[in-house]
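Quick look at protein_28.txt (compact mmCIF, C-alpha atoms and all ligand atoms):
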```txt
# COMPACT_ATOMS: atom_id res chain seq x y z
CA MET A 1 -22.49 -4.88 -29.71
CA THR A 2 -22.15 -7.84 -27.40
CA GLY A 3 -21.73 -5.65 -24.33
CA SER A 4 -18.77 -7.72 -23.13
CA LEU A 5 -15.84 -5.98 -21.49
CA PRO A 6 -12.55 -5.93 -23.41
CA THR A 7 -10.44 -8.08 -21.06
CA ASP A 8 -7.25 -6.95 -22.76
CA ALA A 9 -8.08 -3.37 -21.67
CA ILE A 10 -8.97 -4.37 -18.10
CA ARG A 11 -5.96 -6.48 -17.36
CA GLU A 12 -5.25 -9.00 -14.66
CA LEU A 13 -4.34 -7.27 -11.38
CA ASP A 14 -0.66 -6.43 -11.11
CA PRO A 15 -0.36 -3.66 -8.49
CA PRO A 16 2.99 -1.94 -7.94
CA ALA A 17 5.13 -3.57 -5.25
CA ARG A 18 4.77 -0.62 -2.93
CA LEU A 19 6.32 -0.39 0.50
CA LEU A 20 3.51 0.88 2.72
CA MET A 21 5.26 2.98 5.37
CA GLY A 22 2.32 5.19 6.23
CA PRO A 23 0.02 4.95 9.28
CA GLY A 24 -1.69 1.85 7.86
CA PRO A 25 -2.42 -0.27 6.01
CA ALA A 26 1.05 -1.78 6.09
CA ASN A 27 2.09 -4.63 3.79
CA ALA A 28 0.59 -7.93 4.87
CA HIS A 29 2.89 -10.79 5.87
CA PRO A 30 3.30 -13.30 3.00
CA ARG A 31 2.06 -16.10 5.26
CA VAL A 32 -1.16 -14.16 5.80
CA LEU A 33 -1.58 -13.70 2.05
CA ARG A 34 -1.01 -17.40 1.56
CA ALA A 35 -3.57 -18.26 4.21
CA MET A 36 -6.08 -16.13 2.32
CA SER A 37 -5.65 -18.17 -0.82
CA VAL A 38 -6.79 -21.51 0.61
CA GLY A 39 -10.24 -22.88 -0.22
CA LEU A 40 -13.51 -21.49 1.12
CA LEU A 41 -15.74 -23.34 3.55
CA GLY A 42 -19.31 -22.75 4.60
CA GLN A 43 -19.70 -20.78 7.81
CA PHE A 44 -21.27 -23.72 9.68
CA ASP A 45 -18.90 -26.37 8.38
CA PRO A 46 -17.44 -28.10 11.44
CA GLU A 47 -13.92 -27.60 10.09
CA PHE A 48 -14.61 -23.91 9.77
CA THR A 49 -16.27 -23.47 13.16
CA GLU A 50 -13.20 -25.15 14.64
CA TYR A 51 -11.04 -22.51 12.90
CA MET A 52 -13.31 -19.89 14.48
CA ASN A 53 -12.77 -21.40 17.92
CA GLU A 54 -9.02 -21.45 17.33
CA THR A 55 -9.13 -17.83 16.24
CA MET A 56 -10.94 -16.90 19.46
CA ALA A 57 -8.32 -18.73 21.53
CA LEU A 58 -5.44 -17.07 19.66
CA TYR A 59 -6.87 -13.57 20.07
CA ARG A 60 -7.45 -14.06 23.81
CA GLN A 61 -3.66 -14.27 23.99
CA VAL A 62 -3.13 -11.32 21.66
CA PHE A 63 -5.49 -9.15 23.75
CA CYS A 64 -4.08 -10.58 27.03
CA THR A 65 -7.50 -11.60 28.26
CA LYS A 66 -9.56 -14.55 29.38
CA ASN A 67 -12.74 -13.02 27.92
CA GLN A 68 -14.88 -15.77 26.38
CA GLN A 69 -16.30 -13.15 23.99
CA THR A 70 -13.20 -12.58 21.90
CA LEU A 71 -14.24 -12.69 18.27
CA MET A 72 -14.17 -10.99 14.87
CA ILE A 73 -16.47 -8.38 13.38
CA ASP A 74 -16.68 -8.46 9.58
CA GLY A 75 -15.67 -5.03 8.40
CA SER A 76 -12.71 -2.68 8.77
CA ALA A 77 -11.59 -1.55 12.23
CA ARG A 78 -14.36 0.97 12.61
CA SER A 79 -16.93 -1.79 12.25
CA ALA A 80 -15.90 -3.17 15.65
CA ILE A 81 -16.03 0.33 17.14
CA GLU A 82 -19.50 0.78 15.75
CA ALA A 83 -20.62 -2.69 16.90
CA ALA A 84 -19.45 -1.94 20.45
CA MET A 85 -21.05 1.48 20.60
CA VAL A 86 -24.38 0.56 19.03
CA SER A 87 -24.66 -2.56 21.16
CA LEU A 88 -23.80 -0.84 24.44
CA LEU A 89 -25.36 2.60 24.04
CA GLU A 90 -29.06 3.39 24.06
CA PRO A 91 -30.50 6.81 23.27
CA GLY A 92 -29.90 9.14 26.20
CA ASP A 93 -27.06 7.06 27.74
CA LYS A 94 -24.08 9.12 28.81
CA VAL A 95 -20.73 8.37 27.20
CA LEU A 96 -17.54 10.13 28.12
CA VAL A 97 -15.10 10.30 25.23
CA ALA A 98 -11.44 11.05 25.97
CA SER A 99 -10.21 12.31 22.61
CA PHE A 100 -6.84 13.57 21.40
CA GLY A 101 -7.19 13.24 17.65
CA ARG A 102 -9.36 12.29 14.71
CA PHE A 103 -10.13 8.79 15.94
CA GLY A 104 -11.29 10.07 19.32
CA LEU A 105 -13.65 12.33 17.44
CA LEU A 106 -14.82 9.30 15.47
CA LEU A 107 -16.00 7.82 18.78
CA THR A 108 -18.11 10.94 19.41
CA GLU A 109 -19.49 10.77 15.88
CA ILE A 110 -20.57 7.14 16.30
CA ALA A 111 -21.92 7.69 19.83
CA GLU A 112 -23.99 10.64 18.61
CA ARG A 113 -25.50 8.44 15.90
CA CYS A 114 -26.51 6.07 18.71
CA GLU A 115 -28.28 9.12 20.19
CA ALA A 116 -26.15 8.92 23.30
CA GLU A 117 -25.32 12.01 25.31
CA VAL A 118 -21.66 12.67 24.59
CA ILE A 119 -19.36 14.34 27.11
CA LEU A 120 -16.18 15.19 25.25
CA LEU A 121 -12.78 15.59 26.87
CA ASP A 122 -10.86 17.03 23.96
CA ALA A 123 -7.09 17.25 24.57
CA PRO A 124 -5.02 19.45 22.24
CA TRP A 125 -3.67 17.37 19.36
CA GLY A 126 -0.11 16.27 20.07
CA THR A 127 -0.94 15.53 23.72
CA VAL A 128 -3.04 12.90 25.55
CA VAL A 129 -5.78 13.07 28.18
CA PRO A 130 -4.41 12.77 31.74
CA LEU A 131 -6.07 9.97 33.70
CA GLU A 132 -6.85 12.44 36.53
CA THR A 133 -8.84 14.54 34.06
CA ILE A 134 -10.79 11.45 33.03
CA GLU A 135 -11.44 10.51 36.64
CA ASP A 136 -12.69 14.02 37.52
CA ALA A 137 -15.08 13.94 34.57
CA VAL A 138 -16.31 10.42 35.37
CA ARG A 139 -16.95 11.47 38.98
CA GLN A 140 -18.87 14.50 37.80
CA HIS A 141 -20.91 13.01 34.94
CA ARG A 142 -21.29 9.33 35.93
CA PRO A 143 -21.33 8.02 32.34
CA LYS A 144 -22.42 4.51 31.38
CA LEU A 145 -19.39 4.20 29.09
CA VAL A 146 -15.94 5.78 28.94
CA ALA A 147 -14.47 5.53 25.43
CA THR A 148 -11.02 6.35 24.17
CA VAL A 149 -8.31 5.42 21.68
CA HIS A 150 -5.02 3.75 22.60
CA GLY A 151 -2.81 4.96 19.76
CA ASP A 152 -4.42 7.69 17.67
CA THR A 153 -2.62 7.52 14.34
CA SER A 154 -3.87 10.97 13.33
CA THR A 155 -1.62 12.59 15.95
CA THR A 156 0.71 9.61 16.64
CA MET A 157 0.07 9.90 20.39
CA LEU A 158 -0.43 6.97 22.79
CA GLN A 159 -3.01 7.36 25.55
CA PRO A 160 -1.94 5.86 28.91
CA LEU A 161 -4.53 3.23 29.80
CA ASP A 162 -3.20 1.55 32.93
CA GLY A 163 -5.64 2.93 35.50
CA LEU A 164 -8.54 3.69 33.16
CA GLY A 165 -10.33 0.44 33.94
CA ALA A 166 -9.94 1.00 37.68
CA ILE A 167 -11.51 4.45 37.36
CA CYS A 168 -14.42 2.96 35.46
CA ARG A 169 -14.88 0.19 38.04
CA ARG A 170 -14.89 2.78 40.88
CA TYR A 171 -17.78 4.66 39.27
CA ASP A 172 -19.57 1.68 37.77
CA ALA A 173 -18.90 2.67 34.16
CA LEU A 174 -17.90 0.41 31.29
CA SER A 175 -14.78 1.16 29.27
CA PHE A 176 -14.16 0.95 25.53
CA VAL A 177 -10.74 1.26 23.86
CA ASP A 178 -9.96 1.49 20.16
CA ALA A 179 -6.63 -0.32 19.91
CA THR A 180 -6.62 -0.59 16.11
CA ALA A 181 -3.19 0.92 15.76
CA SER A 182 -1.46 -0.44 18.84
CA ILE A 183 -2.53 -4.09 19.06
CA SER A 184 0.54 -6.34 18.99
CA GLY A 185 2.84 -3.34 18.51
CA MET A 186 2.62 -1.85 21.99
CA ALA A 187 1.66 -3.38 25.32
CA LEU A 188 -2.09 -3.62 25.84
CA GLU A 189 -3.28 -5.57 28.87
CA THR A 190 -7.01 -6.01 28.59
CA ASP A 191 -7.50 -7.94 31.83
CA ALA A 192 -4.71 -6.46 33.92
CA TRP A 193 -5.97 -2.98 33.04
CA ASP A 194 -9.61 -3.99 33.65
CA LEU A 195 -10.75 -2.86 30.20
CA ASP A 196 -14.23 -3.97 29.13
CA VAL A 197 -14.25 -3.77 25.36
CA VAL A 198 -11.16 -3.46 23.17
CA SER A 199 -11.38 -3.39 19.39
CA SER A 200 -8.74 -3.51 16.67
CA GLY A 201 -7.98 -4.19 13.01
CA LEU A 202 -5.53 -6.39 11.13
CA GLN A 203 -3.92 -3.89 8.81
CA LYS A 204 -1.36 -2.30 11.10
CA CYS A 205 0.88 -4.09 13.61
CA LEU A 206 -0.92 -7.41 13.08
CA GLY A 207 0.40 -7.51 9.50
CA GLY A 208 -2.83 -8.44 7.75
CA PRO A 209 -5.34 -6.90 5.35
CA PRO A 210 -8.11 -4.47 6.33
CA GLY A 211 -11.61 -5.92 6.39
CA ILE A 212 -12.01 -7.80 9.65
CA ALA A 213 -11.84 -6.48 13.19
CA PRO A 214 -10.86 -8.48 16.28
CA ILE A 215 -12.73 -7.43 19.41
CA THR A 216 -12.79 -8.62 23.01
CA ILE A 217 -15.72 -8.11 25.38
CA SER A 218 -15.68 -8.57 29.16
CA ASP A 219 -18.38 -10.59 30.92
CA ARG A 220 -19.75 -7.32 32.37
CA ALA A 221 -20.09 -5.75 28.95
CA ALA A 222 -21.44 -8.98 27.44
CA GLU A 223 -24.13 -9.10 30.12
CA CYS A 224 -25.16 -5.53 29.32
CA ILE A 225 -25.33 -6.43 25.61
CA ARG A 226 -27.29 -9.65 26.23
CA GLY A 227 -29.80 -7.57 28.14
CA ARG A 228 -30.77 -6.18 24.73
CA ARG A 229 -30.98 -9.53 22.92
CA HIS A 230 -33.57 -9.62 20.14
CA VAL A 231 -33.02 -12.45 17.70
CA GLU A 232 -34.13 -11.47 14.22
CA ARG A 233 -37.40 -12.65 12.75
CA GLY A 234 -37.37 -15.94 10.88
CA LEU A 235 -34.96 -17.64 13.26
CA GLY A 236 -37.62 -18.93 15.58
CA ASN A 237 -36.81 -17.04 18.74
CA ALA A 238 -37.67 -13.42 18.23
CA ALA A 239 -38.67 -12.67 21.82
CA GLY A 240 -36.51 -9.96 23.26
CA ASN A 241 -35.86 -7.87 26.28
CA GLY A 242 -34.25 -4.47 26.76
CA ARG A 243 -34.13 -1.98 23.94
CA ARG A 244 -33.41 -3.59 20.58
CA ILE A 245 -29.91 -2.81 19.27
CA ALA A 246 -30.29 -0.25 16.49
CA SER A 247 -28.15 -2.12 13.96
CA ASN A 248 -28.80 -5.64 12.74
CA TYR A 249 -25.38 -6.17 11.14
CA PHE A 250 -23.50 -4.90 14.22
CA ASP A 251 -25.81 -6.48 16.81
CA LEU A 252 -23.23 -7.95 19.19
CA ALA A 253 -25.89 -9.96 21.03
CA MET A 254 -26.53 -11.93 17.84
CA ILE A 255 -22.89 -11.93 16.74
CA MET A 256 -21.80 -13.36 20.12
CA GLU A 257 -24.36 -16.11 19.64
CA TYR A 258 -23.02 -16.86 16.17
CA TRP A 259 -19.55 -17.26 17.73
CA SER A 260 -20.94 -19.53 20.49
CA PRO A 261 -21.86 -23.24 20.30
CA GLU A 262 -25.42 -22.09 19.40
CA ARG A 263 -24.05 -20.82 16.04
CA LEU A 264 -26.98 -18.47 15.53
CA ASN A 265 -27.48 -17.88 11.82
CA HIS A 266 -26.47 -14.23 11.49
CA HIS A 267 -24.17 -13.15 8.61
CA THR A 268 -22.20 -15.28 6.15
CA GLU A 269 -18.75 -15.24 7.71
CA SER A 270 -15.82 -14.10 5.60
CA THR A 271 -13.92 -17.36 5.51
CA THR A 272 -10.94 -15.75 3.81
CA LEU A 273 -10.59 -12.99 6.38
CA ILE A 274 -10.90 -15.41 9.28
CA TYR A 275 -8.03 -17.34 7.74
CA ALA A 276 -6.08 -14.06 7.58
CA ALA A 277 -6.88 -13.12 11.18
CA ARG A 278 -5.95 -16.59 12.39
CA GLU A 279 -2.58 -16.48 10.61
CA CYS A 280 -1.84 -12.95 11.90
CA ALA A 281 -2.35 -14.12 15.47
CA ARG A 282 -0.29 -17.27 14.91
CA LEU A 283 2.58 -15.07 13.70
CA VAL A 284 2.26 -12.75 16.70
CA LEU A 285 2.28 -15.56 19.22
CA GLU A 286 5.08 -17.44 17.48
CA GLU A 287 7.24 -14.33 17.82
CA GLY A 288 5.96 -13.61 21.34
CA LEU A 289 4.30 -10.39 22.43
CA ALA A 290 7.32 -9.07 24.34
CA ALA A 291 9.67 -9.66 21.38
CA ARG A 292 7.19 -8.04 19.05
CA PHE A 293 6.84 -4.95 21.22
CA ALA A 294 10.63 -4.72 21.43
CA ARG A 295 10.90 -4.99 17.62
CA HIS A 296 8.47 -2.09 17.21
CA GLN A 297 10.24 -0.08 19.89
CA THR A 298 13.64 -0.50 18.25
CA ALA A 299 12.37 0.33 14.76
CA SER A 300 10.60 3.37 16.06
CA ARG A 301 13.68 4.58 17.96
CA ALA A 302 15.79 4.01 14.85
CA MET A 303 13.33 5.85 12.65
CA ALA A 304 13.05 8.76 15.12
CA SER A 305 16.84 9.05 15.49
CA GLY A 306 17.29 8.96 11.74
CA LEU A 307 14.69 11.65 11.15
CA GLN A 308 16.13 13.91 13.82
CA ALA A 309 19.67 13.41 12.51
CA MET A 310 18.39 14.65 9.16
CA GLY A 311 17.40 17.90 10.86
CA LEU A 312 13.67 17.13 11.01
CA THR A 313 11.46 17.83 14.02
CA LEU A 314 9.20 15.13 15.43
CA TYR A 315 5.61 16.05 16.16
CA GLY A 316 3.91 15.99 19.56
CA ASP A 317 4.62 15.28 23.20
CA ALA A 318 7.75 13.09 23.23
CA THR A 319 6.67 11.24 26.39
CA HIS A 320 3.50 9.93 24.76
CA ARG A 321 4.58 8.96 21.26
CA MET A 322 3.39 5.72 19.70
CA ALA A 323 6.12 3.20 18.97
CA ASN A 324 4.89 2.44 15.48
CA VAL A 325 3.83 5.68 13.84
CA THR A 326 5.97 8.80 13.94
CA GLY A 327 4.76 12.30 13.11
CA ILE A 328 7.23 14.63 11.44
CA GLU A 329 6.74 18.36 11.04
CA ILE A 330 6.99 19.28 7.37
CA PRO A 331 9.83 21.82 7.19
CA GLY A 332 8.99 25.34 6.04
CA GLY A 333 9.52 25.83 2.31
CA VAL A 334 9.09 22.10 1.55
CA ASP A 335 6.00 20.97 -0.37
CA GLY A 336 4.86 17.99 1.70
CA GLU A 337 2.67 16.51 -1.02
CA ALA A 338 5.45 16.76 -3.62
CA VAL A 339 7.73 14.82 -1.27
CA ARG A 340 5.10 12.11 -0.80
CA LYS A 341 4.56 11.95 -4.55
CA SER A 342 8.23 11.51 -5.32
CA LEU A 343 8.59 8.84 -2.62
CA ARG A 344 5.68 6.99 -4.20
CA GLN A 345 6.55 7.45 -7.86
CA ASP A 346 10.34 7.22 -7.72
CA PHE A 347 10.87 4.88 -4.77
CA GLU A 348 7.56 2.92 -4.48
CA ILE A 349 7.27 4.05 -0.87
CA GLU A 350 4.05 5.36 0.65
CA ILE A 351 4.11 7.63 3.69
CA GLY A 352 1.11 9.48 5.14
CA THR A 353 -0.01 13.04 5.65
CA SER A 354 -2.61 13.81 8.33
CA PHE A 355 -6.10 15.22 8.78
CA GLY A 356 -7.90 18.39 9.81
CA PRO A 357 -5.57 20.84 11.58
CA LEU A 358 -2.55 18.66 10.81
CA LYS A 359 -3.22 18.30 7.08
CA GLY A 360 -0.15 19.54 5.24
CA ARG A 361 1.62 20.16 8.57
CA ILE A 362 2.96 16.70 9.33
CA TRP A 363 3.96 13.51 7.58
CA ARG A 364 3.35 10.21 9.30
CA ILE A 365 5.70 7.28 8.89
CA GLY A 366 4.68 3.87 10.18
CA VAL A 367 6.89 0.90 11.03
CA MET A 368 4.32 -1.77 11.68
CA GLY A 369 4.00 -5.52 11.71
CA TYR A 370 5.66 -7.03 8.67
CA ASN A 371 7.14 -3.64 7.73
CA CYS A 372 8.80 -3.19 11.08
CA GLN A 373 12.18 -4.38 9.82
CA LYS A 374 15.62 -2.81 9.81
CA HIS A 375 16.06 -2.72 6.05
CA LYS A 376 12.67 -1.06 5.54
CA VAL A 377 13.53 1.66 8.09
CA LEU A 378 16.85 2.26 6.31
CA ILE A 379 15.38 2.20 2.80
CA THR A 380 12.73 4.73 3.82
CA LEU A 381 15.22 7.08 5.46
CA ASN A 382 17.56 6.88 2.46
CA ALA A 383 14.76 7.65 0.04
CA LEU A 384 13.45 10.52 2.17
CA GLU A 385 16.94 12.00 2.36
CA THR A 386 17.25 12.01 -1.42
CA VAL A 387 13.82 13.50 -1.98
CA LEU A 388 14.31 16.19 0.67
CA ARG A 389 17.73 17.13 -0.71
CA GLN A 390 16.24 17.47 -4.16
CA ALA A 391 13.46 19.62 -2.66
CA GLY A 392 16.16 22.05 -1.50
CA PHE A 393 16.17 21.06 2.18
CA LYS A 394 19.69 21.27 3.58
CA LEU A 395 20.66 18.12 5.43
CA PRO A 396 23.86 16.34 6.44
CA SER A 397 24.47 13.62 3.87
CA GLY A 398 23.88 10.09 5.18
CA ALA A 399 23.16 11.23 8.75
CA GLY A 400 19.64 9.77 8.88
CA PRO A 401 20.43 6.18 7.89
CA ASP A 402 23.67 6.31 9.95
CA ALA A 403 21.77 7.30 13.09
CA ALA A 404 19.14 4.62 12.53
CA LEU A 405 21.78 2.00 11.94
CA ALA A 406 23.55 3.07 15.14
CA VAL A 407 20.35 2.35 17.09
CA TYR A 408 20.11 -1.12 15.55
CA ARG A 409 23.82 -1.81 16.17
CA SER A 410 23.49 -0.86 19.85
CA VAL A 411 20.44 -3.12 20.27
CA GLU A 412 22.14 -5.97 18.40
CA ALA A 413 25.27 -5.62 20.57
CA ALA A 414 23.32 -5.65 23.86
C1 LIG B 1 -6.67 4.49 15.70
C2 LIG B 1 -7.56 4.11 14.57
N1 LIG B 1 -8.83 3.78 14.81
C3 LIG B 1 -9.68 3.42 13.84
C4 LIG B 1 -9.27 3.39 12.53
C5 LIG B 1 -10.26 3.03 11.48
O1 LIG B 1 -9.86 1.89 10.85
P1 LIG B 1 -10.56 1.35 9.50
O2 LIG B 1 -10.19 2.35 8.47
O3 LIG B 1 -9.94 0.01 9.30
O4 LIG B 1 -12.01 1.28 9.75
C6 LIG B 1 -7.95 3.74 12.22
C7 LIG B 1 -7.49 3.74 10.82
O5 LIG B 1 -6.50 4.26 10.44
C8 LIG B 1 -7.08 4.10 13.26
O6 LIG B 1 -5.80 4.44 13.02
```
As structure tokens - that is how I would like this structure written.
Amino acid sequence: MTGSLPTDAIRELDPPARLLMGPGPANAHPRVLRAMSVGLLGQFDPEFTEYMNETMALYRQVFCTKNQQTLMIDGSARSAIEAAMVSLLEPGDKVLVASFGRFGLLLTEIAERCEAEVILLDAPWGTVVPLETIEDAVRQHRPKLVATVHGDTSTTMLQPLDGLGAICRRYDALSFVDATASISGMALETDAWDLDVVSSGLQKCLGGPPGIAPITISDRAAECIRGRRHVERGLGNAAGNGRRIASNYFDLAMIMEYWSPERLNHHTESTTLIYAARECARLVLEEGLAARFARHQTASRAMASGLQAMGLTLYGDATHRMANVTGIEIPGGVDGEAVRKSLRQDFEIEIGTSFGPLKGRIWRIGVMGYNCQKHKVLITLNALETVLRQAGFKLPSGAGPDAALAVYRSVEAA
């Protein structure tokens, strides 16, 4: 026995060429994949730190902000959420969470682990939290932080945010927004909406892989975080003030210093994922934010029209739907998981189900980033039509793709 692995049994990676039309991850843009294959550099190499600076500048534009502290957290989207929460919240601090789905509840889960006092505004799934309700609660509870989600993919609803920052400013609270699913797919104005911390991920509308999380932090929030600066032992300057941030890895005071000219020696940066993030932002800005939002809007309208023409019912409050993920009620008598399986096995298309109370009740179809293209909308609708027909669901032949195409034709003619 040599103990060596039989390499013929564990073959070179050759994953199926799947079309990822669920709520994320979506397929990454080929240019992003190419950027990830270029050579590694050390995290303090001047060439690399220049790429970091460029990445910061690019994401200021993506987030529509002038925030100096616009940087990347190494980890999937929730790593930036966790970094923000653990760096802002101390035990006993009040945080108001406006939740309308699973990812709002994730904010409460993380805030509780920070031992913050959580005040939960929990809107019924399929709706959003009215800004007046948030303002009433802020006036009553005077939280340090108000946290919410922009687009909650679990319910496919989009929380109105224009006005949230102003409410927070009136009552001297900070605001946090999880924009993982909306960034570069739907308008998000960090500065114009006075938002303090906005976090995201690459794997949805940005058209990149999961694993790194862009975040932007206002000067106000950065000051609050710096008030808790404790540089780790062994780096020479351990003296601290304020309460030490409970996580070392997600200590934004140190991470901000790593992304500054001081280049504090914190973690070993993921060169490859910075390359990916940089290329995602270059693609977004090359296209232009307005054009990109319009592309998502059109694809989403086409997808929604197609689904409805097939006789399906869309989930949730129509006035607050996200433009990149659509919830569809699974028709009675149809086995939702069997439909997903056939789409995957027969057509190489992935769509999503949902969580908790919506598990088995809705499918979720995403048209995001690189996948937000006419032919991918049409291919998905065609495949779904076939699978549903075979599952015994009565639908008008060809109506779905025809309706979607009609939306595209009207936009193309305008
Ligand atoms: C709105 C929202 N927030 C946070 C997350 C968590 O992202 P990740 O799985 O990359 O940590 C997701 C993932 O689907 C999401 O849709």
Original post:
What lies within 9 Å of Gly333 of chain A using all atoms listed in the file, ignoring chain neighbours under 3 positions off, as a list in words?
Top reply: Ile330, Ala391, Gly392 and Phe393 of chain A
Contacts of ligand LIG 1 (chain B), 9 Å or closer, only C-alpha atoms and all ligand atoms, given as a tab-separated table (two decimals) with C-alpha atoms, in the coordinates of the input:
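New file part-v7.tsv:
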```tsv
chain	number	residue	atom	x	y	z
A	23	PRO	CA	0.02	4.95	9.28
A	24	GLY	CA	-1.69	1.85	7.86
A	25	PRO	CA	-2.42	-0.27	6.01
A	75	GLY	CA	-15.67	-5.03	8.40
A	76	SER	CA	-12.71	-2.68	8.77
A	77	ALA	CA	-11.59	-1.55	12.23
A	78	ARG	CA	-14.36	0.97	12.61
A	79	SER	CA	-16.93	-1.79	12.25
A	80	ALA	CA	-15.90	-3.17	15.65
A	81	ILE	CA	-16.03	0.33	17.14
A	101	GLY	CA	-7.19	13.24	17.65
A	102	ARG	CA	-9.36	12.29	14.71
A	103	PHE	CA	-10.13	8.79	15.94
A	104	GLY	CA	-11.29	10.07	19.32
A	106	LEU	CA	-14.82	9.30	15.47
A	149	VAL	CA	-8.31	5.42	21.68
A	150	HIS	CA	-5.02	3.75	22.60
A	151	GLY	CA	-2.81	4.96	19.76
A	152	ASP	CA	-4.42	7.69	17.67
A	153	THR	CA	-2.62	7.52	14.34
A	154	SER	CA	-3.87	10.97	13.33
A	178	ASP	CA	-9.96	1.49	20.16
A	179	ALA	CA	-6.63	-0.32	19.91
A	180	THR	CA	-6.62	-0.59	16.11
A	181	ALA	CA	-3.19	0.92	15.76
A	182	SER	CA	-1.46	-0.44	18.84
A	199	SER	CA	-11.38	-3.39	19.39
A	200	SER	CA	-8.74	-3.51	16.67
A	201	GLY	CA	-7.98	-4.19	13.01
A	202	LEU	CA	-5.53	-6.39	11.13
A	203	GLN	CA	-3.92	-3.89	8.81
A	204	LYS	CA	-1.36	-2.30	11.10
A	210	PRO	CA	-8.11	-4.47	6.33
A	211	GLY	CA	-11.61	-5.92	6.39
A	212	ILE	CA	-12.01	-7.80	9.65
A	213	ALA	CA	-11.84	-6.48	13.19
```
Original post:
Residues around (-26.0, -2.7, 24.5), cut-off 12 Å, counting all atoms listed in the file - what are they as a VMD selection string?
Top reply: chain A and resid 82 to 91 93 114 116 144 to 145 174 197 217 220 to 230 241 to 247 250 to 254
Subject >> Among listed residues A:Ala9, A:Met310, A:Val284, A:Val32, nearest Ala404 of chain A (using all atoms listed in the file) >> reply: A:Met310
Original post:
Nearest to Tyr249 of chain A: which of A:Ala290, A:Ala35, A:Asp74, A:Ile183 is it, counting all atoms listed in the file?
Top reply: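 Among A:Ala290, A:Ala35, A:Asp74, A:Ile183, it is A:Asp74 that comes nearest to Tyr249 of chain A.
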**OP:** Fewer than 4 positions away in the same chain doesn't count, so skip those; otherwise give me all residues within 10 Å of Gly208 of chain A, counting all atoms listed in the file, as number ranges by chain.
**Re:** A: 25-33, 36, 201-204, 212, 273, 276-281, 369-370
Subject >> Closest of A:Ala147, A:Leu20, A:Leu289, A:Leu395 to Gly366 of chain A - atom-to-atom distances counting all atoms listed in the file >> reply: A:Leu20
**OP:** Choose the residue, out of A:Arg295, A:Cys205, A:Ala309, A:Asn382, that has the smallest atom-to-atom separation from Gly22 of chain A; count only C-alpha atoms.
**Re:** A:Cys205
Subject >> Nearest candidate to Ser354 of chain A (options A:Thr190, A:Val62, A:Trp125, A:Tyr171; using all atoms listed in the file) >> reply: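 Comparing A:Thr190, A:Val62, A:Trp125, A:Tyr171 against Ser354 of chain A, the winner is A:Trp125.
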Original post:
Quick one: distance from atom CA of Val407 of chain A to atom CA of Glu329 of chain A in Å, one decimal?
Top reply: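 Taking atom CA of Val407 of chain A and atom CA of Glu329 of chain A, their separation equals 21.9 Å.
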**OP:** Please indicate the distance in Å from atom CA of Leu381 of chain A to atom CA of Gly400 of chain A, rounded to one decimal place.
**Re:** 6.2 Å
Subject >> Distance in Å - atom CA of Phe293 of chain A versus atom CA of Ala187 of chain A >> reply: 6.8 Å
Test item: which residues lie within 10 Å of (-12.0, 13.4, 24.9) counting all atoms listed in the file, as a PDB file with C-alpha atoms, in the frame of the given file:
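In the end it all went to part_29.pdb:
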```pdb
ATOM      1  CA  LEU A  96     -17.540  10.130  28.120  1.00  0.00           C
ATOM      2  CA  VAL A  97     -15.100  10.300  25.230  1.00  0.00           C
ATOM      3  CA  ALA A  98     -11.440  11.050  25.970  1.00  0.00           C
ATOM      4  CA  SER A  99     -10.210  12.310  22.610  1.00  0.00           C
ATOM      5  CA  PHE A 100      -6.840  13.570  21.400  1.00  0.00           C
ATOM      6  CA  GLY A 101      -7.190  13.240  17.650  1.00  0.00           C
ATOM      7  CA  GLY A 104     -11.290  10.070  19.320  1.00  0.00           C
ATOM      8  CA  LEU A 105     -13.650  12.330  17.440  1.00  0.00           C
ATOM      9  CA  LEU A 107     -16.000   7.820  18.780  1.00  0.00           C
ATOM     10  CA  THR A 108     -18.110  10.940  19.410  1.00  0.00           C
ATOM     11  CA  VAL A 118     -21.660  12.670  24.590  1.00  0.00           C
ATOM     12  CA  ILE A 119     -19.360  14.340  27.110  1.00  0.00           C
ATOM     13  CA  LEU A 120     -16.180  15.190  25.250  1.00  0.00           C
ATOM     14  CA  LEU A 121     -12.780  15.590  26.870  1.00  0.00           C
ATOM     15  CA  ASP A 122     -10.860  17.030  23.960  1.00  0.00           C
ATOM     16  CA  ALA A 123      -7.090  17.250  24.570  1.00  0.00           C
ATOM     17  CA  PRO A 124      -5.020  19.450  22.240  1.00  0.00           C
ATOM     18  CA  VAL A 128      -3.040  12.900  25.550  1.00  0.00           C
ATOM     19  CA  VAL A 129      -5.780  13.070  28.180  1.00  0.00           C
ATOM     20  CA  THR A 133      -8.840  14.540  34.060  1.00  0.00           C
ATOM     21  CA  ILE A 134     -10.790  11.450  33.030  1.00  0.00           C
ATOM     22  CA  VAL A 146     -15.940   5.780  28.940  1.00  0.00           C
ATOM     23  CA  ALA A 147     -14.470   5.530  25.430  1.00  0.00           C
ATOM     24  CA  THR A 148     -11.020   6.350  24.170  1.00  0.00           C
ATOM     25  CA  VAL A 149      -8.310   5.420  21.680  1.00  0.00           C
TER      26      VAL A 149
END
```
Do a neighbour search on Gln308 of chain A at 10 Å with all atoms listed in the file, toss out local chain neighbours closer than 5 positions, and write the hits as a CSV table (one decimal) with C-alpha atoms, in the frame of the given file.
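The resulting file, result.csv, is reproduced below:
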```csv
chain,number,residue,atom,x,y,z
A,302,ALA,CA,15.8,4.0,14.8
A,303,MET,CA,13.3,5.8,12.6
A,313,THR,CA,11.5,17.8,14.0
A,314,LEU,CA,9.2,15.1,15.4
A,328,ILE,CA,7.2,14.6,11.4
A,399,ALA,CA,23.2,11.2,8.8
A,400,GLY,CA,19.6,9.8,8.9
A,403,ALA,CA,21.8,7.3,13.1
A,404,ALA,CA,19.1,4.6,12.5
```
